[in-house]
Each structure stands twice: as C-alpha cells, then as structure tokens.
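First up is the structure itself, then whatever we jot down about it.
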Amino acid sequence: MTAVRSLKTPEDLAAAGLIEPQKLDGIRAVADRYAIALTPTVVSLIDRADRQDPIARQFVPDPAELLTTPQERADPIGDQAHSPVKGIVHRYPDRVLLKAVHICPVYCRFCFRREMVGPQGDGTLSPEELSAAFGYIRERPEIWEVILTGGDPLVLSPRRLAAMMRGLAEIPHVKIVRFHTRVPVVEPDRIDAAMIAALKESGKVVYIALHANHPREMTGTARTACARLVDAGFPMLSQTVLLRGVNDDPAVLGDLMRAFVETRIKPYYLHHPDLAPGTGHFRLDIAEGQKIVSALRGTISGLCQPTYVLDIPGGHGKAVIGESAVRGEGGCYSVSDFRGGEHAYPPK
C-alpha cells in the first residue's frame with residue numbers, strides 16, 4: 001500500500017498496516033504526547049514484512065516511548081539555557097541557531113527536541129518574534145554563521161523562506177547560512193526551482209546539512225533532490241544519529257556514508273543519541289559506538305569518515321568521542337592501526 005498523503009494519527013498508521021490493531025491503544029497514548037507524521041515517501045520505504053524494519057523504527061511510534069529513565073530530560077542539550085530571545089540559541093561565540101519553525105514533514109521517534117516540535121510544540125515564530133531574533137543577530141558582530149533548524153526550516157514556503165533570507169542579507173557580519181533538514185530525503189519534490197531561488201535570496205554562502213540514518217533513505221529521488229541543491233552551488237554535509245536497530249552495524253553505516261559521498265555530500269557528524277524522554281530503546285553506550293566507528297577506520301575511504309560526537313547534557317556543547325588511536329606513556333606513544341595492530345612512535 002502506498003500512502004497518498006502524510007500519515008499523522010494512530011488510525012492512519014493502522015489503516016496503512018504499519019501498526020497491529022492490538023497496539024492501537026498504546027500508540028494513541030504515545031500520540032497524546034509526541035507528534036506523528038510520515039510522508040508518502042517514507043511510507044513507501046517501509047518493508048512491512050520486516051518487523052524490525054529500520055525505516056519504520058525511525059518513524060512509526062512505539063509504546064516504548066512512554067518509558068522514561070531518571071537521566072532523560074525534556075531539553076537534553078540545553079537549548080533553553082542558551083536562548084536569550086525566542087527562536088535563538090546562542091551556545092557558541094560565532095554562531096547561533098535560528099529556530100523559526102517547530103514543525104517537520106516527519107517526526108523522528110528519537111528526536112532530541114521532541115518536547116518542542118509538532119502541533120503541540122513551540123510553534124512558528126510570529127513576525128514580531130522573528131524581528132526580535134534578527135535584532136539579536138544584528139546587534140552582535142561576532143555572529144558569523146546562522147544555522148536554521150527547528151523543526152525543519154525547508155517546510156517553509158519559498159515565499160516565507162525568501163523573506164527570511166532577505167532579512168539575513170541585511171546583516172553584513174553574517175557570512176554563512178546553514179540549513180539542517182530532512183526534506184530532500186522525506187519530501188524530495190519540495191526541492192524545486194522556487195525553493196532553490198529562495199535559498200539564494202540572501203547572497204550569503206549557504207550550506208545544507210542533510211539528516212539521514214540508513215542507506216535505504218538515499219533513494220534515486222533523494223539523490224536527485226540533493227543534486228539540484230549541489231548543482232545550484234550549495235555545499236552539502238551530512239548528519240546521522242547512531243541508533244540501535246537502525247544503523248548500529250559498521251556495514252550499514254559504511255553503506256550510508258558511501259551513499260552520501262556518491263551524492264556529493266560530505267559526511268560530517270555522527271551523533272551519539274541524546275537523553276530525550278522515551279528514547280532509551282534507541283541508545284547504545286559510548287563504548288559500543290566507539291567500536292562501530294573504529295570499525296569504519298581503514299575499511300571505507302577517508303572521504304566517508306564522520307566525526308563521532310556527543311552533545312554534553314545541560315547545554316555544554318559537543319565533544320568528539322571517537323576512540324583515540326594514540327596512547328602516550330613515559331614520553332612514548334603507541335598507535336593502533338585499523339586491523340588492531342600496535343606500533344611504537346617516538347615523542348618527537
């Protein structure tokens with residue numbers, strides 16, 4: 001069955017055969033708290049014969065989301081602690097997040113902003129709130145980069161997106177505008193001439209960071225949408241979350257990174273999953289993640305290597321957590337190769 005519209009309710013999911021009828025009450029309880037949306041593109045990727053399908057696992061709600069642990073928190077990476085005005089997160093000196101919209105074309109079940117996005121979330125900035133956010137950026141010449149995130153900024157119409165980009169064009173110290181999005185993968189038809197014209201409206205250097213977690217997401221239509229962006233002059237980066245049952249396998253992760261590079265997308269961040277409420281069934285421990293990342297070293301091209309990072313809970317920023325290949329003791333070093341061999345290296 002192929003969906004002709006986005007699925008947004010438990011009843012939609014049941015009618016599409018994506019949840020079993022006996023689970024409907026549990027899924028309704030999840031929907032009361034967290035948003036649901038699967039685009040027709042995403043629905044078409046799900047293998048209904050596979051009860052552990054990695055695409056379904058990312059987007060189809062599960063009663064496990066109602067189980068929370070003491071260490072989980074509604075704002076796991078501390079956005080609110082670094083939000084001087086609504087819509088702005090200023091965690092690092094030279095860049096800010098601009099969260100103009102809090103809706104997405106799809107809602108990931110592991111989302112670290114799951115308490116903030118969706119119909120019940122923080123909503124779209126009003127014209128007055130957006131003006132205040134631009135005012136904050138305008139008054140701080142140290143802000144070199146503005147990162148549009150949310151929510152997914154490419155759900156905005158080209159008209160509204162162009163207006164926002166014109167606002168950024170008037171701030172001379174902003175040199176880079178970056179978009180974090182899933183749209184080219186989950187709703188590729190949105191990447192059309194009007195969208196590309198809107199993205200060019202500021203005259204700034206624009207980067208697009210694509211979020212995808214499994215190689216099956218990099219379909220022909222997704223690659224075509226990305227090609228439109230790259231051919232229009234927008235460099236692309238990738239963001240991936242390391243997820244149990246989705247990509248916690250070096251072969252799967254390697255295939256995804258190769259797919260990015262084949263699509264002219266530079267692998268950027270591999271995120272350790274955050275401590276968002278009800279996401280424990282997705283999380284690995286750091287040692288497991290380090291072992292997976294180490295297995296990529298030497299087996300896939302250097303072009304394909306992402307940086308494994310953890311957002312430190314509480315808003316303290318990102319830390320690189322890949323296992324080090326170098327250990328020092330007594331002024332000497334031991335360096336491990338990708339096959340596990342150890343090699344001495346002098347101090348200088």
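Here's how to read the names in the structure tokens: chain A, B, ... by the order shown, residue numbers from 1 in each chain, ligand numbers from 1 in the order shown.
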task = Would you list, as a ChimeraX atom specification, the residues of segment 230-330 of chain A that end up in strand (DSSP E or B) under DSSP run on this structure's backbone?
result = /A:236-241,265-271,297,300,307-311,318-320,326-329
query = Where does DSSP see helix (DSSP H, G or I) in segment 40-157 of chain A, if you list the residues as a PyMOL selection string?
reply = chain A and resi 40-45+54-59+63-66+80-82+127-138+153-155
Selection: 6 Å around segment 134-149 of chain A, only C-alpha atoms, excl. self and same-chain fewer than 4 positions, as a VMD selection string = chain A and resid 94 to 99 153 171 173 to 180
message = So that I can see what lies close to segment 116-119 of chain A, please list as JSON, numbers by chain the residues with an atom at most 7 Å from it, counting only C-alpha atoms and leaving out residues fewer than 2 positions away in the same chain.
response = {"A": [35, 102, 103, 104, 113, 114, 121, 122, 151]}
Cut-off 9 Å: closest segment 35-142 of chain A/segment 270-290 of chain A atom pairs per residue, using only C-alpha atoms, as JSON lines:
```
{"residue": "A:Ala64", "atom": "CA", "partner": "A:Gly278", "partner_atom": "CA", "distance": 6.6}
{"residue": "A:Glu65", "atom": "CA", "partner": "A:Gly278", "partner_atom": "CA", "distance": 4.0}
{"residue": "A:Leu66", "atom": "CA", "partner": "A:Gly278", "partner_atom": "CA", "distance": 5.5}
{"residue": "A:Leu67", "atom": "CA", "partner": "A:Gly278", "partner_atom": "CA", "distance": 5.1}
{"residue": "A:Thr68", "atom": "CA", "partner": "A:Gly278", "partner_atom": "CA", "distance": 4.7}
{"residue": "A:Thr69", "atom": "CA", "partner": "A:Pro277", "partner_atom": "CA", "distance": 7.4}
{"residue": "A:Gln71", "atom": "CA", "partner": "A:Leu275", "partner_atom": "CA", "distance": 6.9}
{"residue": "A:Glu72", "atom": "CA", "partner": "A:Leu275", "partner_atom": "CA", "distance": 4.7}
{"residue": "A:Arg73", "atom": "CA", "partner": "A:Ala276", "partner_atom": "CA", "distance": 5.6}
{"residue": "A:Ala74", "atom": "CA", "partner": "A:Ala276", "partner_atom": "CA", "distance": 6.1}
{"residue": "A:Asp75", "atom": "CA", "partner": "A:Ala276", "partner_atom": "CA", "distance": 7.1}
{"residue": "A:Pro76", "atom": "CA", "partner": "A:Leu275", "partner_atom": "CA", "distance": 5.5}
{"residue": "A:Ile77", "atom": "CA", "partner": "A:Asp274", "partner_atom": "CA", "distance": 7.5}
{"residue": "A:Arg109", "atom": "CA", "partner": "A:Thr279", "partner_atom": "CA", "distance": 7.4}
{"residue": "A:Phe110", "atom": "CA", "partner": "A:Thr279", "partner_atom": "CA", "distance": 5.5}
{"residue": "A:Cys111", "atom": "CA", "partner": "A:Ala276", "partner_atom": "CA", "distance": 7.1}
{"residue": "A:Phe112", "atom": "CA", "partner": "A:Ala276", "partner_atom": "CA", "distance": 5.1}
{"residue": "A:Arg113", "atom": "CA", "partner": "A:Ala276", "partner_atom": "CA", "distance": 7.5}
{"residue": "A:Arg114", "atom": "CA", "partner": "A:Ala276", "partner_atom": "CA", "distance": 7.5}
{"residue": "A:Glu115", "atom": "CA", "partner": "A:Pro277", "partner_atom": "CA", "distance": 8.4}
```
Go ahead and write the selection's residues with N, CA and C atoms as a compact mmCIF listing (two decimals), in the first residue's frame.
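Contents of again_36.txt, freshly written:
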```
# COMPACT_ATOMS: atom_id res chain seq x y z
N ALA A 64 7.16 1.89 23.69
CA ALA A 64 8.38 2.06 24.49
C ALA A 64 8.70 3.53 24.73
N GLU A 65 8.14 4.42 23.90
CA GLU A 65 8.39 5.85 24.07
C GLU A 65 7.78 6.40 25.36
N LEU A 66 6.89 5.65 25.96
CA LEU A 66 6.28 6.09 27.22
C LEU A 66 7.13 5.72 28.43
N LEU A 67 8.22 4.98 28.21
CA LEU A 67 9.11 4.58 29.29
C LEU A 67 10.25 5.59 29.38
N THR A 68 10.35 6.28 30.47
CA THR A 68 11.43 7.25 30.65
C THR A 68 12.32 6.82 31.81
N THR A 69 13.55 7.30 31.76
CA THR A 69 14.53 6.98 32.80
C THR A 69 14.90 8.26 33.53
N GLN A 71 17.64 9.77 34.02
CA GLN A 71 18.64 10.64 33.40
C GLN A 71 18.12 11.37 32.17
N GLU A 72 16.96 10.96 31.64
CA GLU A 72 16.41 11.64 30.47
C GLU A 72 15.82 12.99 30.86
N ARG A 73 15.83 13.90 29.89
CA ARG A 73 15.35 15.25 30.18
C ARG A 73 14.66 15.86 28.96
N ALA A 74 13.70 16.76 29.22
CA ALA A 74 12.91 17.35 28.14
C ALA A 74 13.76 18.19 27.20
N ASP A 75 14.83 18.79 27.72
CA ASP A 75 15.72 19.63 26.91
C ASP A 75 17.13 19.08 27.06
N PRO A 76 17.43 17.95 26.41
CA PRO A 76 18.66 17.22 26.74
C PRO A 76 19.95 17.95 26.41
N ILE A 77 19.93 18.85 25.40
CA ILE A 77 21.19 19.53 25.08
C ILE A 77 21.17 21.00 25.51
N ARG A 109 11.27 9.35 15.96
CA ARG A 109 10.90 8.86 17.28
C ARG A 109 12.00 9.08 18.32
N PHE A 110 13.20 9.41 17.88
CA PHE A 110 14.35 9.61 18.78
C PHE A 110 14.69 11.08 18.93
N CYS A 111 13.86 11.99 18.41
CA CYS A 111 14.20 13.41 18.31
C CYS A 111 14.55 14.01 19.67
N PHE A 112 15.66 14.76 19.71
CA PHE A 112 16.07 15.38 20.97
C PHE A 112 15.25 16.63 21.28
N ARG A 113 14.47 17.12 20.29
CA ARG A 113 13.59 18.26 20.55
C ARG A 113 12.12 17.81 20.53
N ARG A 114 11.87 16.56 20.84
CA ARG A 114 10.52 16.02 20.69
C ARG A 114 9.50 16.70 21.60
N GLU A 115 9.95 17.34 22.68
CA GLU A 115 9.02 18.07 23.54
C GLU A 115 8.70 19.45 22.98
```
Quick one: contact table of segment 196-239 of chain A to segment 243-247 of chain A, 10 Å max, nearest atom pair and distance in Å to one decimal per residue, counting only C-alpha atoms, chain and number order, as a Markdown table?
```
| residue | atom | partner | partner_atom | distance |
| --- | --- | --- | --- | --- |
| A:Asn213 | CA | A:Asn247 | CA | 6.7 |
| A:His214 | CA | A:Asn247 | CA | 6.2 |
| A:Pro215 | CA | A:Asn247 | CA | 8.9 |
```
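Note that atom CA of Thr39 of chain A and atom CA of Val101 of chain A are 18.2 Å apart.
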task = Write out as a count of residues only the residues lying within 10 Å of Arg297 of chain A, counting only C-alpha atoms and excluding same-chain residues fewer than 4 positions away.
result = 11
inquiry  = With only C-alpha atoms as the counted atoms, please give the residues lying no more than 12 Å from Pro105 of chain A, apart from itself and same-chain residues fewer than 3 positions off, as a PyMOL selection string.
reply    = chain A and resi 5-8+35-42+59+101-102+108+117-119+150-156+181-188+190
Save the residues we just selected, N, CA and C atoms, as an mmCIF file, in the first residue's frame?
```cif
data_model
loop_
_atom_site.group_PDB
_atom_site.id
_atom_site.type_symbol
_atom_site.label_atom_id
_atom_site.label_comp_id
_atom_site.auth_asym_id
_atom_site.auth_seq_id
_atom_site.Cartn_x
_atom_site.Cartn_y
_atom_site.Cartn_z
ATOM 1 N N ARG A 5 -1.038 10.643 1.110
ATOM 2 C CA ARG A 5 -0.909 11.815 1.977
ATOM 3 C C ARG A 5 -0.106 11.400 3.197
ATOM 4 N N SER A 6 0.344 12.369 3.949
ATOM 5 C CA SER A 6 1.092 12.053 5.158
ATOM 6 C C SER A 6 0.180 11.378 6.178
ATOM 7 N N LEU A 7 0.747 10.430 6.907
ATOM 8 C CA LEU A 7 0.027 9.735 7.975
ATOM 9 C C LEU A 7 0.343 10.432 9.290
ATOM 10 N N LYS A 8 -0.718 10.870 10.011
ATOM 11 C CA LYS A 8 -0.490 11.718 11.182
ATOM 12 C C LYS A 8 -1.212 11.251 12.437
ATOM 13 N N ALA A 35 4.322 14.171 18.578
ATOM 14 C CA ALA A 35 3.764 14.301 17.229
ATOM 15 C C ALA A 35 4.101 13.086 16.364
ATOM 16 N N ILE A 36 3.222 12.820 15.408
ATOM 17 C CA ILE A 36 3.399 11.747 14.428
ATOM 18 C C ILE A 36 3.244 12.343 13.028
ATOM 19 N N ALA A 37 4.132 12.006 12.121
ATOM 20 C CA ALA A 37 3.948 12.305 10.698
ATOM 21 C C ALA A 37 4.912 11.456 9.891
ATOM 22 N N LEU A 38 4.373 10.779 8.887
ATOM 23 C CA LEU A 38 5.166 10.035 7.910
ATOM 24 C C LEU A 38 4.707 10.488 6.535
ATOM 25 N N THR A 39 5.621 10.985 5.732
ATOM 26 C CA THR A 39 5.260 11.387 4.373
ATOM 27 C C THR A 39 5.058 10.152 3.501
ATOM 28 N N PRO A 40 4.377 10.313 2.350
ATOM 29 C CA PRO A 40 4.236 9.178 1.425
ATOM 30 C C PRO A 40 5.585 8.574 1.023
ATOM 31 N N THR A 41 6.614 9.409 0.872
ATOM 32 C CA THR A 41 7.940 8.893 0.516
ATOM 33 C C THR A 41 8.453 7.938 1.584
ATOM 34 N N VAL A 42 8.331 8.337 2.847
ATOM 35 C CA VAL A 42 8.799 7.483 3.940
ATOM 36 C C VAL A 42 7.986 6.200 3.998
ATOM 37 N N PHE A 59 10.327 6.101 12.426
ATOM 38 C CA PHE A 59 9.181 6.997 12.248
ATOM 39 C C PHE A 59 7.858 6.486 12.812
ATOM 40 N N VAL A 101 10.737 27.778 12.969
ATOM 41 C CA VAL A 101 9.562 26.927 12.846
ATOM 42 C C VAL A 101 9.808 25.652 13.651
ATOM 43 N N HIS A 102 8.756 25.128 14.254
ATOM 44 C CA HIS A 102 8.895 23.927 15.082
ATOM 45 C C HIS A 102 8.044 22.775 14.558
ATOM 46 N N CYS A 108 10.772 12.162 13.914
ATOM 47 C CA CYS A 108 11.636 11.043 14.288
ATOM 48 C C CYS A 108 11.335 10.646 15.727
ATOM 49 N N VAL A 117 8.686 20.200 19.313
ATOM 50 C CA VAL A 117 8.230 20.230 17.920
ATOM 51 C C VAL A 117 6.842 19.612 17.788
ATOM 52 N N GLY A 118 6.213 19.894 16.637
ATOM 53 C CA GLY A 118 4.901 19.322 16.371
ATOM 54 C C GLY A 118 3.791 20.306 16.678
ATOM 55 N N PRO A 119 2.547 19.902 16.409
ATOM 56 C CA PRO A 119 1.395 20.784 16.652
ATOM 57 C C PRO A 119 1.294 21.252 18.101
ATOM 58 N N GLY A 150 15.198 23.653 13.808
ATOM 59 C CA GLY A 150 13.875 23.762 14.437
ATOM 60 C C GLY A 150 13.436 22.477 15.068
ATOM 61 N N GLY A 151 12.379 21.956 14.526
ATOM 62 C CA GLY A 151 11.681 21.987 13.278
ATOM 63 C C GLY A 151 12.592 21.973 12.039
ATOM 64 N N ASP A 152 11.951 21.754 10.904
ATOM 65 C CA ASP A 152 12.684 21.687 9.643
ATOM 66 C C ASP A 152 12.399 22.955 8.865
ATOM 67 N N PRO A 153 13.432 23.804 8.655
ATOM 68 C CA PRO A 153 13.175 25.096 8.008
ATOM 69 C C PRO A 153 12.694 24.977 6.571
ATOM 70 N N LEU A 154 12.957 23.846 5.897
ATOM 71 C CA LEU A 154 12.535 23.722 4.500
ATOM 72 C C LEU A 154 11.071 23.309 4.362
ATOM 73 N N VAL A 155 10.325 23.273 5.481
ATOM 74 C CA VAL A 155 8.870 23.161 5.362
ATOM 75 C C VAL A 155 8.249 24.521 5.071
ATOM 76 N N LEU A 156 9.015 25.592 5.246
ATOM 77 C CA LEU A 156 8.510 26.921 4.937
ATOM 78 C C LEU A 156 8.291 27.056 3.435
ATOM 79 N N THR A 181 18.163 19.858 7.650
ATOM 80 C CA THR A 181 16.901 19.424 7.059
ATOM 81 C C THR A 181 16.880 17.933 6.772
ATOM 82 N N ARG A 182 15.666 17.396 6.724
ATOM 83 C CA ARG A 182 15.416 16.051 6.228
ATOM 84 C C ARG A 182 14.654 16.074 4.901
ATOM 85 N N VAL A 183 14.241 17.252 4.470
ATOM 86 C CA VAL A 183 13.327 17.360 3.336
ATOM 87 C C VAL A 183 13.816 16.653 2.076
ATOM 88 N N PRO A 184 15.086 16.770 1.653
ATOM 89 C CA PRO A 184 15.468 16.096 0.407
ATOM 90 C C PRO A 184 15.277 14.579 0.428
ATOM 91 N N VAL A 185 15.263 13.995 1.626
ATOM 92 C CA VAL A 185 15.062 12.548 1.766
ATOM 93 C C VAL A 185 13.592 12.197 1.933
ATOM 94 N N VAL A 186 12.856 12.963 2.725
ATOM 95 C CA VAL A 186 11.486 12.562 3.082
ATOM 96 C C VAL A 186 10.410 13.247 2.258
ATOM 97 N N GLU A 187 10.752 14.325 1.576
ATOM 98 C CA GLU A 187 9.787 15.038 0.725
ATOM 99 C C GLU A 187 10.554 15.695 -0.428
ATOM 100 N N PRO A 188 11.228 14.885 -1.245
ATOM 101 C CA PRO A 188 12.181 15.423 -2.223
ATOM 102 C C PRO A 188 11.582 16.372 -3.244
ATOM 103 N N ARG A 190 9.839 18.857 -2.811
ATOM 104 C CA ARG A 190 9.876 20.244 -2.340
ATOM 105 C C ARG A 190 11.120 20.973 -2.849
#
```
